[in-house]
>>> print(open('target20.txt').read())   # compact mmCIF, C-alpha atoms
# COMPACT_ATOMS: atom_id res chain seq x y z
CA MET A 274 35.78 -31.03 71.05
CA ASN A 275 36.08 -34.25 72.99
CA ARG A 276 35.91 -34.08 76.75
CA ILE A 277 39.02 -34.97 78.72
CA SER A 278 39.40 -38.75 78.69
CA LEU A 279 39.64 -40.74 81.90
CA SER A 280 43.22 -41.76 81.09
CA VAL A 281 44.29 -38.14 80.66
CA MET A 282 42.51 -37.12 83.85
CA LEU A 283 44.42 -39.81 85.68
CA LEU A 284 47.63 -38.68 84.00
CA VAL A 285 47.15 -35.10 85.13
CA GLY A 286 46.57 -36.37 88.66
CA ILE A 287 49.74 -38.45 88.57
CA ALA A 288 51.76 -35.60 87.09
CA ALA A 289 50.38 -33.22 89.69
CA LEU A 290 51.60 -35.55 92.42
CA SER A 291 55.09 -35.24 91.00
CA CYS A 292 55.05 -31.52 91.75
CA SER A 293 56.38 -30.14 95.00
CA ARG A 294 54.13 -30.05 98.06
CA GLN A 295 53.77 -26.30 97.76
CA ASP A 296 51.77 -26.75 94.55
CA LYS A 297 48.40 -26.85 96.30
CA ALA A 298 46.18 -25.34 93.61
CA ALA A 299 44.43 -27.39 90.96
CA ILE A 300 46.14 -27.46 87.58
CA PRO A 301 44.39 -24.92 85.31
CA VAL A 302 43.00 -26.13 81.98
CA PHE A 303 42.84 -23.76 78.99
CA PRO A 304 40.84 -24.51 75.82
CA LEU A 305 42.52 -22.92 72.80
CA GLU A 306 40.85 -22.33 69.46
CA GLY A 307 43.30 -22.22 66.56
CA SER A 308 43.20 -19.91 63.57
CA VAL A 309 44.19 -21.07 60.10
CA ILE A 310 47.30 -19.45 58.62
CA PRO A 311 47.10 -19.53 54.81
CA ALA A 312 50.26 -21.02 53.32
CA ASP A 313 51.05 -21.09 49.64
CA SER A 314 52.44 -24.65 49.72
CA LEU A 315 52.85 -27.19 52.51
CA GLN A 316 53.79 -30.09 50.20
CA ASN A 317 52.51 -32.84 52.51
CA GLY A 318 54.47 -31.44 55.45
CA TYR A 319 53.01 -32.28 58.85
CA THR A 320 55.94 -31.90 61.25
CA ILE A 321 56.95 -28.45 62.45
CA ILE A 322 60.64 -28.34 63.32
CA HIS A 323 60.84 -24.82 64.73
CA ALA A 324 58.78 -21.64 64.93
CA ASP A 325 59.48 -18.06 65.93
CA THR A 326 57.80 -14.73 65.31
CA ASN A 327 58.76 -14.45 61.63
CA GLU A 328 59.72 -17.92 60.43
CA ILE A 329 58.49 -21.49 60.61
CA LEU A 330 60.41 -24.61 59.51
CA ILE A 331 58.43 -27.66 58.38
CA GLU A 332 59.53 -31.14 57.36
CA ALA A 333 58.38 -32.16 53.90
CA SER A 334 57.55 -35.78 53.20
CA LYS A 335 57.38 -37.62 49.86
CA GLU A 336 59.04 -34.73 48.05
CA PRO A 337 62.42 -34.19 46.30
CA PHE A 338 63.43 -32.02 49.29
CA PHE A 339 63.27 -32.42 53.08
CA VAL A 340 62.55 -29.06 54.74
CA GLU A 341 60.54 -25.96 53.86
CA ALA A 342 61.09 -22.51 55.39
CA TYR A 343 58.14 -20.10 55.52
CA LYS A 344 58.21 -16.41 56.30
CA LEU A 345 55.35 -15.37 58.57
CA THR A 346 53.82 -12.06 57.54
CA GLY A 347 50.68 -10.99 59.37
CA ASP A 348 48.18 -13.80 58.98
CA SER A 349 49.88 -15.68 56.16
CA ALA A 350 52.91 -17.90 55.58
CA CYS A 351 54.93 -17.56 52.38
CA LEU A 352 57.31 -20.24 51.17
CA PHE A 353 60.84 -18.83 51.31
CA HIS A 354 63.21 -21.72 50.62
CA ARG A 355 63.49 -25.51 50.42
CA TYR A 356 66.42 -27.45 51.85
CA GLY A 357 67.92 -30.87 51.18
CA LYS A 358 67.84 -32.97 48.03
CA ARG A 359 66.59 -36.52 47.81
CA GLY A 360 68.75 -38.79 45.67
CA SER A 361 72.10 -40.56 45.38
CA GLY A 362 74.18 -37.81 43.78
CA PRO A 363 76.56 -35.22 45.27
CA ASP A 364 75.00 -33.19 48.10
CA GLU A 365 71.99 -35.55 48.14
CA LEU A 366 70.57 -38.01 50.68
CA MET A 367 68.45 -41.08 50.08
CA GLU A 368 66.23 -40.03 53.00
CA ALA A 369 66.17 -37.71 55.99
CA ASN A 370 64.49 -39.72 58.75
CA SER A 371 65.70 -37.29 61.39
CA VAL A 372 66.12 -33.51 61.25
CA TYR A 373 67.90 -31.59 64.03
CA TYR A 374 68.04 -27.80 64.20
CA HIS A 375 70.67 -25.68 65.99
CA LYS A 376 69.17 -22.22 66.19
CA PRO A 377 72.28 -20.20 67.28
CA THR A 378 74.20 -21.18 64.12
CA ARG A 379 71.16 -21.70 61.85
CA ASN A 380 72.54 -25.14 61.01
CA MET A 381 70.24 -28.07 60.29
CA LEU A 382 71.42 -31.67 60.41
CA LEU A 383 69.70 -34.06 58.01
CA TYR A 384 70.24 -37.73 58.85
CA SER A 385 69.27 -40.92 56.99
CA SER A 386 69.11 -43.96 59.25
CA ASN A 387 68.80 -46.14 56.15
CA ASP A 388 72.45 -45.75 55.16
CA MET A 389 73.75 -43.46 57.97
CA GLY A 390 74.30 -40.62 55.51
CA ALA A 391 74.11 -37.09 56.93
CA GLN A 392 74.70 -33.50 55.97
CA LEU A 393 74.80 -30.16 57.72
CA VAL A 394 72.93 -27.37 55.93
CA ASN A 395 73.15 -23.69 56.86
CA LEU A 396 69.79 -22.00 56.40
CA ASP A 397 71.29 -18.58 55.64
CA THR A 398 74.27 -19.36 53.40
CA TYR A 399 72.84 -22.62 51.97
CA ASP A 400 76.24 -24.24 52.47
CA ILE A 401 76.08 -28.05 52.60
CA ARG A 402 78.69 -30.07 54.49
CA PRO A 403 78.68 -33.88 54.43
CA ILE A 404 78.86 -35.48 57.88
CA HIS A 405 80.60 -38.86 58.17
CA ALA A 406 80.43 -39.22 61.95
CA PHE A 407 77.46 -41.61 61.91
CA ARG A 408 79.03 -44.00 59.40
CA GLN A 409 82.28 -43.93 61.37
CA ASN A 410 80.33 -45.44 64.28
CA ASN A 411 78.22 -47.98 62.43
CA ALA A 412 78.86 -50.66 65.07
CA LEU A 413 76.58 -48.64 67.36
CA TRP A 414 72.95 -47.78 66.69
CA LEU A 415 72.65 -44.02 67.21
CA MET A 416 68.87 -43.75 67.34
CA LYS A 417 67.87 -40.18 68.29
CA ALA A 418 69.83 -37.04 69.04
CA GLU A 419 69.84 -33.39 70.09
CA PHE A 420 72.40 -30.62 69.58
CA ILE A 421 74.45 -29.65 72.64
CA ASP A 422 76.53 -27.09 70.77
CA ASP A 423 77.31 -26.34 67.15
CA SER A 424 79.36 -29.50 66.63
CA THR A 425 78.21 -32.02 69.26
CA LEU A 426 75.11 -34.17 69.64
CA LEU A 427 73.73 -36.00 72.65
CA THR A 428 72.71 -39.33 71.12
CA ALA A 429 70.45 -42.07 72.49
CA CYS A 430 72.06 -45.43 71.71
CA VAL A 431 71.35 -49.10 71.27
CA VAL A 432 74.35 -51.42 71.58
CA PRO A 433 73.53 -54.26 69.13
CA ASN A 434 75.01 -56.98 71.32
CA PRO A 435 72.71 -59.21 73.42
CA GLU A 436 75.61 -59.92 75.82
CA ASN A 437 76.37 -56.27 76.53
CA THR A 438 75.91 -55.25 80.17
CA LYS A 439 77.61 -51.85 80.14
CA PRO A 440 74.87 -49.19 80.50
CA GLU A 441 75.85 -47.07 77.49
CA TRP A 442 72.58 -45.18 77.26
CA PHE A 443 73.80 -41.85 75.89
CA LYS A 444 76.95 -40.80 74.06
CA LEU A 445 78.27 -37.50 72.80
CA LEU A 446 78.88 -37.59 69.06
CA HIS A 447 81.43 -35.05 67.81
CA LEU A 448 80.41 -34.26 64.26
CA SER A 449 83.77 -32.98 63.01
CA THR A 450 85.82 -36.00 64.12
CA GLY A 451 83.31 -38.82 64.63
CA LYS A 452 84.65 -39.31 68.16
CA LEU A 453 82.26 -40.70 70.79
CA THR A 454 82.37 -39.66 74.43
CA ASP A 455 80.78 -41.85 77.10
CA ILE A 456 78.02 -40.39 79.27
CA GLU A 457 77.70 -41.86 82.74
CA GLU A 458 74.89 -42.50 85.18
CA PHE A 459 71.69 -43.15 83.26
CA SER A 460 69.05 -45.83 82.79
CA PRO A 461 65.28 -45.48 83.35
CA ASP A 462 64.31 -46.90 86.76
CA ASP A 463 61.57 -49.23 85.50
CA GLY A 464 62.69 -52.38 87.35
CA PHE A 465 63.47 -54.36 84.19
CA ASP A 466 66.30 -56.86 84.78
CA GLY A 467 66.48 -58.55 81.35
CA PRO A 468 68.87 -57.94 78.44
CA LEU A 469 70.11 -54.36 78.29
CA MET A 470 69.68 -54.34 74.52
CA THR A 471 65.96 -54.98 74.96
CA LYS A 472 65.67 -52.06 77.38
CA GLN A 473 67.65 -49.70 75.16
CA TRP A 474 65.52 -50.72 72.19
CA ILE A 475 62.16 -50.03 73.84
CA TYR A 476 63.23 -46.54 74.96
CA ASN A 477 65.78 -45.23 72.49
CA SER A 478 64.30 -46.42 69.20
CA SER A 479 61.51 -43.87 69.76
CA ALA A 480 63.27 -41.46 72.11
CA ARG A 481 62.22 -37.84 72.52
CA ILE A 482 65.10 -35.53 73.51
CA LYS A 483 65.03 -31.75 73.76
CA LYS A 484 67.59 -29.39 75.30
CA HIS A 485 66.81 -26.22 77.20
CA PRO A 486 67.63 -23.32 74.82
CA HIS A 487 70.30 -21.87 77.14
CA ARG A 488 71.20 -24.49 79.76
CA ASN A 489 72.52 -28.06 79.71
CA ARG A 490 69.17 -29.35 80.95
CA PHE A 491 67.19 -31.88 78.93
CA ILE A 492 63.76 -33.48 78.70
CA TYR A 493 63.87 -37.17 77.73
CA GLY A 494 61.14 -39.73 77.12
CA CYS A 495 59.86 -42.12 74.48
CA ASP A 496 56.79 -43.25 72.53
CA GLU A 497 56.24 -46.33 74.71
CA GLY A 498 54.04 -45.88 77.78
CA LEU A 499 53.97 -42.34 79.15
CA TYR A 500 57.36 -41.72 80.72
CA ALA A 501 59.53 -38.59 80.80
CA GLU A 502 62.21 -37.11 82.98
CA ILE A 503 64.36 -34.00 83.23
CA PHE A 504 68.10 -34.10 83.85
CA ASP A 505 71.26 -32.01 83.67
CA LEU A 506 74.42 -32.91 81.78
CA GLU A 507 77.52 -31.94 83.79
CA ASP A 508 81.08 -33.10 83.06
CA ASN A 509 79.80 -35.93 80.86
CA ARG A 510 77.52 -37.22 83.64
CA ILE A 511 73.74 -37.22 84.02
CA VAL A 512 72.75 -35.50 87.28
CA ASN A 513 69.71 -33.92 88.96
CA ARG A 514 67.23 -36.37 87.47
CA LYS A 515 63.52 -35.80 88.02
CA VAL A 516 60.79 -38.07 86.63
CA ILE A 517 57.74 -36.03 85.58
CA LEU A 518 55.69 -38.80 83.91
CA ASN A 519 56.06 -42.25 85.44
CA GLN A 520 54.00 -44.63 83.34
CA TYR A 521 56.95 -46.75 82.22
CA PRO A 522 56.47 -49.09 79.25
CA THR A 523 55.59 -52.73 79.93
CA TYR A 524 57.79 -55.17 78.00
CA HIS A 525 59.79 -58.38 78.01
CA PRO A 526 62.15 -60.04 75.50
CA GLY A 527 60.35 -61.66 72.57
CA SER A 528 60.87 -65.06 71.04
CA ASP A 529 64.28 -64.02 69.69
CA GLY A 530 65.40 -63.22 73.23
CA ILE A 531 65.91 -59.53 72.47
CA SER A 532 63.06 -57.73 70.65
CA PRO A 533 60.70 -56.10 73.19
CA GLU A 534 57.06 -57.15 73.31
CA GLY A 535 54.26 -57.65 75.84
CA ALA A 536 52.65 -54.20 76.11
CA PRO A 537 48.98 -54.43 77.22
CA ASP A 538 46.23 -52.95 75.04
CA ARG A 539 45.67 -50.11 77.51
CA GLU A 540 49.27 -48.84 77.35
CA LEU A 541 49.63 -45.28 76.07
CA CYS A 542 52.01 -44.27 73.30
CA GLY A 543 54.06 -41.30 74.39
CA PHE A 544 54.13 -37.67 73.35
CA LYS A 545 55.67 -35.05 71.08
CA VAL A 546 57.53 -32.14 72.62
CA SER A 547 58.46 -28.51 72.09
CA VAL A 548 60.51 -26.41 74.52
CA THR A 549 61.11 -22.76 75.35
CA PRO A 550 63.36 -21.14 77.97
CA ARG A 551 60.46 -21.25 80.46
CA TYR A 552 58.41 -24.32 79.63
CA ILE A 553 58.18 -27.85 78.24
CA TYR A 554 55.11 -28.48 76.06
CA MET A 555 54.10 -32.14 75.68
CA LEU A 556 51.45 -33.09 73.10
CA LEU A 557 50.05 -36.42 74.32
CA SER A 558 49.29 -39.20 71.87
CA ARG A 559 45.62 -40.28 71.79
CA ASN A 560 46.29 -43.86 70.77
CA THR A 561 47.00 -46.95 72.85
CA LYS A 562 48.71 -50.21 71.96
CA GLY A 563 45.24 -51.72 71.58
CA ASP A 564 44.37 -49.07 68.99
CA LEU A 565 47.50 -49.91 67.01
CA ARG A 566 46.65 -53.61 67.09
CA ALA A 567 43.11 -52.89 65.92
CA ILE A 568 44.43 -50.83 63.03
CA SER A 569 46.82 -53.65 62.07
CA ARG A 570 43.72 -55.87 61.80
CA GLU A 571 42.17 -53.19 59.55
CA GLU A 572 39.66 -52.29 62.29
CA MET A 573 39.96 -48.51 62.50
CA PRO A 574 38.57 -47.13 65.80
CA GLU A 575 35.89 -44.48 65.29
CA LYS A 576 37.88 -41.81 67.12
CA PHE A 577 40.49 -41.83 64.34
CA LYS A 578 38.08 -41.44 61.43
CA GLY A 579 37.74 -38.16 59.55
CA PRO A 580 40.05 -35.33 58.49
CA GLY A 581 42.29 -34.09 61.26
CA LYS A 582 41.32 -37.02 63.50
CA GLY A 583 43.80 -39.69 62.33
CA ILE A 584 46.02 -41.61 64.69
CA SER A 585 48.77 -38.97 64.48
CA PHE A 586 46.51 -36.10 65.61
CA SER A 587 46.08 -35.00 69.23
CA GLU A 588 44.65 -32.17 71.34
CA GLU A 589 45.99 -32.58 74.91
CA VAL A 590 49.09 -30.55 75.87
CA LEU A 591 50.74 -30.71 79.28
CA VAL A 592 52.92 -27.72 80.18
CA PHE A 593 55.75 -28.21 82.68
CA ASP A 594 58.38 -25.79 83.87
CA TRP A 595 62.03 -26.83 83.77
CA GLU A 596 61.95 -27.78 87.45
CA GLY A 597 59.40 -30.46 86.62
CA HIS A 598 56.24 -28.79 87.96
CA LEU A 599 53.05 -29.29 85.96
CA CYS A 600 51.82 -25.73 85.38
CA ARG A 601 48.79 -26.01 83.09
CA LYS A 602 47.04 -28.10 80.49
CA LEU A 603 45.90 -26.96 77.04
CA ASN A 604 43.06 -28.42 74.96
CA LEU A 605 43.58 -27.62 71.28
CA THR A 606 40.84 -27.23 68.66
CA PRO A 607 41.44 -28.45 66.02
CA PHE A 608 43.65 -31.48 66.67
CA VAL A 609 47.24 -31.24 65.35
CA VAL A 610 50.05 -33.63 64.47
CA ASN A 611 52.83 -31.96 66.42
CA ILE A 612 53.55 -28.57 67.98
CA ALA A 613 56.17 -25.81 68.03
CA VAL A 614 56.04 -22.88 70.45
CA THR A 615 57.72 -19.50 69.99
CA GLU A 616 60.50 -18.64 72.43
CA ASP A 617 58.39 -16.03 74.25
CA ASP A 618 55.58 -18.60 74.83
CA SER A 619 53.07 -16.34 73.09
CA THR A 620 52.20 -18.57 70.14
CA LEU A 621 51.80 -22.28 69.52
CA TYR A 622 51.79 -23.68 65.98
CA GLY A 623 50.53 -27.01 64.71
CA ILE A 624 49.35 -28.67 61.51
CA THR A 625 45.87 -30.10 61.06
CA GLU A 626 43.93 -31.25 57.99
CA SER A 627 41.30 -29.70 55.76
CA GLU A 628 38.11 -31.50 54.79
CA GLU A 629 40.05 -32.68 51.72
CA TYR A 630 42.77 -34.19 53.96
CA GLU A 631 45.31 -31.54 52.97
CA PRO A 632 47.75 -30.15 55.58
CA VAL A 633 46.74 -26.83 57.13
CA LEU A 634 48.90 -24.59 59.32
CA VAL A 635 47.18 -23.49 62.55
CA ARG A 636 48.17 -20.84 65.11
CA TYR A 637 47.06 -20.74 68.78
CA ASN A 638 47.34 -17.56 70.82
CA CYS A 639 48.87 -18.32 74.23
CA SER A 640 49.69 -14.73 75.22
CA GLU A 641 46.77 -14.41 77.62
CA ILE A 642 47.39 -17.66 79.50
>>> encode(input="target20.txt", output="structure tokens")
Amino acid sequence: MNRISLSVMLLVGIAALSCSRQDKAAIPVFPLEGSVIPADSLQNGYTIIHADTNEILIEASKEPFFVEAYKLTGDSACLFHRYGKRGSGPDELMEANSVYYHKPTRNMLLYSSNDMGAQLVNLDTYDIRPIHAFRQNNALWLMKAEFIDDSTLLTACVVPNPENTKPEWFKLLHLSTGKLTDIEEFSPDDGFDGPLMTKQWIYNSSARIKKHPHRNRFIYGCDEGLYAEIFDLEDNRIVNRKVILNQYPTYHPGSDGISPEGAPDRELCGFKVSVTPRYIYMLLSRNTKGDLRAISREEMPEKFKGPGKGISFSEEVLVFDWEGHLCRKLNLTPFVVNIAVTEDDSTLYGITESEEYEPVLVRYNCSEI
């Protein structure tokens, strides 16, 4: 396993400084060795949507369906059902670029940004309900979202108007009516004073949003730089903000006056996130903007060569509590694409690759941490 990189060591130091002054002790680091969970069919699925003690939900790519549900029995995972149909017919979607899960109702929202088609699928009854709310608001780019309740999403927006100056960062989207509700008081404090559309684009086109399972508290960040903050949503206002990662993206308007560009080669590329009632788990990306540019020139860096080592795979997990304190760091072996943690914090799941570059489900025991 690779040793902790200098950039991650610096990150942990910065994050530790964001903790309260009473956090005197060094942040503990835990190496975790994963165990392979045999699964009868992963169908090119690499993104885990949700995991609990007896079920795991995985996105499926390049298949006629979008989501697979597996029943966890002992040390194996058995395919139970597949959800969503790819196509242009009734009850079908051309694509499902985004999948959002509302655990209390067992409803899953499948959304295609290509044509703004969406449907709500119940995992128990298999009922499918078309959702027209996105198409009703096609003058606004609704980039990423998270369920607030069974019929409302908090959406990260881009207003496609270079002259817009109204800071419409988030909106509530009511799925049953298509109505939008304004959310007040938010914009990342990065000092940028250029076009608002440029700023919204850099953050919200790759936004990461997760809600606390029981409270109206959220973690928000993006895949540009290494920035994240926690906030509460109260009476349609963002309050109690706390930045926990403060490496804001570097950018300026491009030649068209709007599209963001200008990130240095050293700039990091965000994180993936899973949450439980107690903690926020952030899987840090290994790649930088320089790595992406090298790959675009067909110059693959050595660190990304080999099964389970591609640009999407990572090992470093930062664990924060919901007050924004950095509590511990995890080093995963093998590397995984993304993570999902059970509600009791006892088990972390991820997907790696076999020597034949096939997806493999991996389980990490966190119960003794």
>>> closest_residue(input="target20.txt", among="A:Leu426, A:Leu445, A:Met555, A:Cys542", to="Tyr476 of chain A", atoms="only C-alpha atoms")
A:Cys542
>>> atom_distance(input="target20.txt", atom1="atom CA of Asn410 of chain A", atom2="atom CA of Leu453 of chain A")
8.3 Å
>>> closest_residue(input="target20.txt", among="A:Leu352, A:Arg490, A:Glu458, A:Pro301", to="Leu315 of chain A", atoms="only C-alpha atoms")
A:Leu352
>>> residues_around(input="target20.txt", residues="Tyr500 of chain A", least_positions_apart="3", cutoff="6 Å", atoms="all atoms listed in the file", output="list in words")
Gly494, Leu518, Asn519, Gln520 and Tyr521 of chain A
>>> residues_around(input="target20.txt", residues="Pro550 of chain A", least_positions_apart="4", cutoff="10 Å", atoms="all atoms listed in the file", output="number ranges by chain")
A: 484-488, 594-595, 615-618
>>> atom_distance(input="target20.txt", atom1="atom CA of Leu448 of chain A", atom2="atom CA of Ser424 of chain A")
5.4 Å
>>> residues_around(input="target20.txt", residues="Val372 of chain A", least_positions_apart="3", cutoff="12 Å", atoms="only C-alpha atoms", output="PyMOL selection string")
chain A and resi 320-323+330-334+339-341+356-357+368-369+375+380-386+391-394+417-420
>>> residues_around(input="target20.txt", residues="Asp496 of chain A", least_positions_apart="3", cutoff="8 Å", atoms="only C-alpha atoms", output="PyMOL selection string")
chain A and resi 476+479-481+499+542-544
>>> atom_distance(input="target20.txt", atom1="atom CA of Lys483 of chain A", atom2="atom CA of Pro311 of chain A")
28.8 Å
>>> residues_around(input="target20.txt", residues="Ile300 of chain A", least_positions_apart="4", cutoff="8 Å", atoms="all atoms listed in the file", output="MDAnalysis selection string")
chainID A and resid 289 599:602
>>> closest_residue(input="target20.txt", among="A:Pro522, A:Pro468, A:Pro363, A:Pro433", to="Leu415 of chain A", atoms="all atoms listed in the file")
A:Pro433
>>> closest_residue(input="target20.txt", among="A:Trp474, A:Phe577, A:Phe586, A:Tyr622", to="Val609 of chain A", atoms="all atoms listed in the file")
A:Phe586
>>> axis_aligned_box(input="target20.txt", around="segment 356-371 of chain A", padding_each_side="4 Å", output="AutoDock Vina command-line options")
--center_x 70.5 --center_y -34.3 --center_z 52.6 --size_x 20.1 --size_y 21.6 --size_z 25.6
>>> closest_residue(input="target20.txt", among="A:Ile456, A:Leu396, A:Ile568, A:Ile642", to="His354 of chain A", atoms="all atoms listed in the file")
A:Leu396
>>> closest_residue(input="target20.txt", among="A:Leu469, A:Val309, A:Ile475, A:Leu427", to="Ile492 of chain A", atoms="only C-alpha atoms")
A:Leu427
>>> closest_atom_pairs(input="target20.txt", of="segment 295-373 of chain A", to="segment 603-607 of chain A", cutoff="12 Å", atoms="only C-alpha atoms", output="Markdown table")
| residue | atom | partner | partner_atom | distance |
| --- | --- | --- | --- | --- |
| A:Ile300 | CA | A:Leu603 | CA | 10.6 |
| A:Pro301 | CA | A:Leu603 | CA | 8.7 |
| A:Val302 | CA | A:Leu603 | CA | 5.8 |
| A:Phe303 | CA | A:Leu603 | CA | 4.8 |
| A:Pro304 | CA | A:Asn604 | CA | 4.6 |
| A:Leu305 | CA | A:Leu605 | CA | 5.1 |
| A:Glu306 | CA | A:Thr606 | CA | 5.0 |
| A:Gly307 | CA | A:Thr606 | CA | 6.0 |
| A:Ser308 | CA | A:Pro607 | CA | 9.1 |
| A:Val309 | CA | A:Pro607 | CA | 9.9 |
>>> residues_near_point(input="target20.txt", point="(75.7, -33.9, 82.7)", cutoff="12 Å", atoms="only C-alpha atoms", output="list in words")
Ile421, Leu427, Phe443, Lys444, Leu445, Asp455, Ile456, Glu457, Glu458, Phe459, Lys484, Arg488, Asn489, Arg490, Phe491, Ile503, Phe504, Asp505, Leu506, Glu507, Asp508, Asn509, Arg510, Ile511, Val512, Asn513 and Arg514 of chain A
>>> build_atoms(input="target20.txt", residues="segment 571-592 of chain A", atoms="N, CA and C atoms", output="tab-separated table (two decimals), in the frame of the given file")
chain	number	residue	atom	x	y	z
A	571	GLU	N	43.03	-53.98	60.43
A	571	GLU	CA	42.17	-53.19	59.55
A	571	GLU	C	40.82	-52.91	60.20
A	572	GLU	N	40.85	-52.66	61.52
A	572	GLU	CA	39.66	-52.29	62.29
A	572	GLU	C	39.89	-50.89	62.87
A	573	MET	N	39.68	-49.88	62.08
A	573	MET	CA	39.96	-48.51	62.50
A	573	MET	C	38.98	-48.04	63.57
A	574	PRO	N	39.47	-47.68	64.78
A	574	PRO	CA	38.57	-47.13	65.80
A	574	PRO	C	37.91	-45.84	65.32
A	575	GLU	N	36.66	-45.64	65.75
A	575	GLU	CA	35.89	-44.48	65.29
A	575	GLU	C	36.59	-43.16	65.59
A	576	LYS	N	37.30	-43.09	66.72
A	576	LYS	CA	37.88	-41.81	67.12
A	576	LYS	C	38.97	-41.33	66.15
A	577	PHE	N	39.45	-42.22	65.28
A	577	PHE	CA	40.49	-41.83	64.34
A	577	PHE	C	39.96	-41.60	62.92
A	578	LYS	N	38.65	-41.61	62.76
A	578	LYS	CA	38.08	-41.44	61.43
A	578	LYS	C	37.75	-39.97	61.16
A	579	GLY	N	38.06	-39.53	59.95
A	579	GLY	CA	37.74	-38.16	59.55
A	579	GLY	C	38.98	-37.31	59.44
A	580	PRO	N	38.90	-36.22	58.67
A	580	PRO	CA	40.05	-35.33	58.49
A	580	PRO	C	40.47	-34.69	59.81
A	581	GLY	N	41.76	-34.67	60.03
A	581	GLY	CA	42.29	-34.09	61.26
A	581	GLY	C	42.03	-34.91	62.50
A	582	LYS	N	41.61	-36.16	62.35
A	582	LYS	CA	41.32	-37.02	63.50
A	582	LYS	C	42.12	-38.33	63.45
A	583	GLY	N	43.03	-38.47	62.47
A	583	GLY	CA	43.80	-39.69	62.33
A	583	GLY	C	44.65	-39.99	63.55
A	584	ILE	N	45.29	-41.14	63.52
A	584	ILE	CA	46.02	-41.61	64.69
A	584	ILE	C	47.16	-40.69	65.10
A	585	SER	N	47.66	-39.88	64.17
A	585	SER	CA	48.77	-38.97	64.48
A	585	SER	C	48.32	-37.66	65.11
A	586	PHE	N	47.01	-37.39	65.15
A	586	PHE	CA	46.51	-36.10	65.61
A	586	PHE	C	46.10	-36.15	67.08
A	587	SER	N	46.39	-35.06	67.80
A	587	SER	CA	46.08	-35.00	69.23
A	587	SER	C	45.64	-33.59	69.62
A	588	GLU	N	45.10	-33.47	70.84
A	588	GLU	CA	44.65	-32.17	71.34
A	588	GLU	C	45.17	-31.81	72.72
A	589	GLU	N	45.63	-32.79	73.50
A	589	GLU	CA	45.99	-32.58	74.91
A	589	GLU	C	47.46	-32.19	75.04
A	590	VAL	N	47.73	-31.02	75.65
A	590	VAL	CA	49.09	-30.55	75.87
A	590	VAL	C	49.31	-30.32	77.36
A	591	LEU	N	50.32	-30.98	77.91
A	591	LEU	CA	50.74	-30.71	79.28
A	591	LEU	C	51.90	-29.73	79.25
A	592	VAL	N	51.88	-28.74	80.14
A	592	VAL	CA	52.92	-27.72	80.18
A	592	VAL	C	53.63	-27.79	81.53
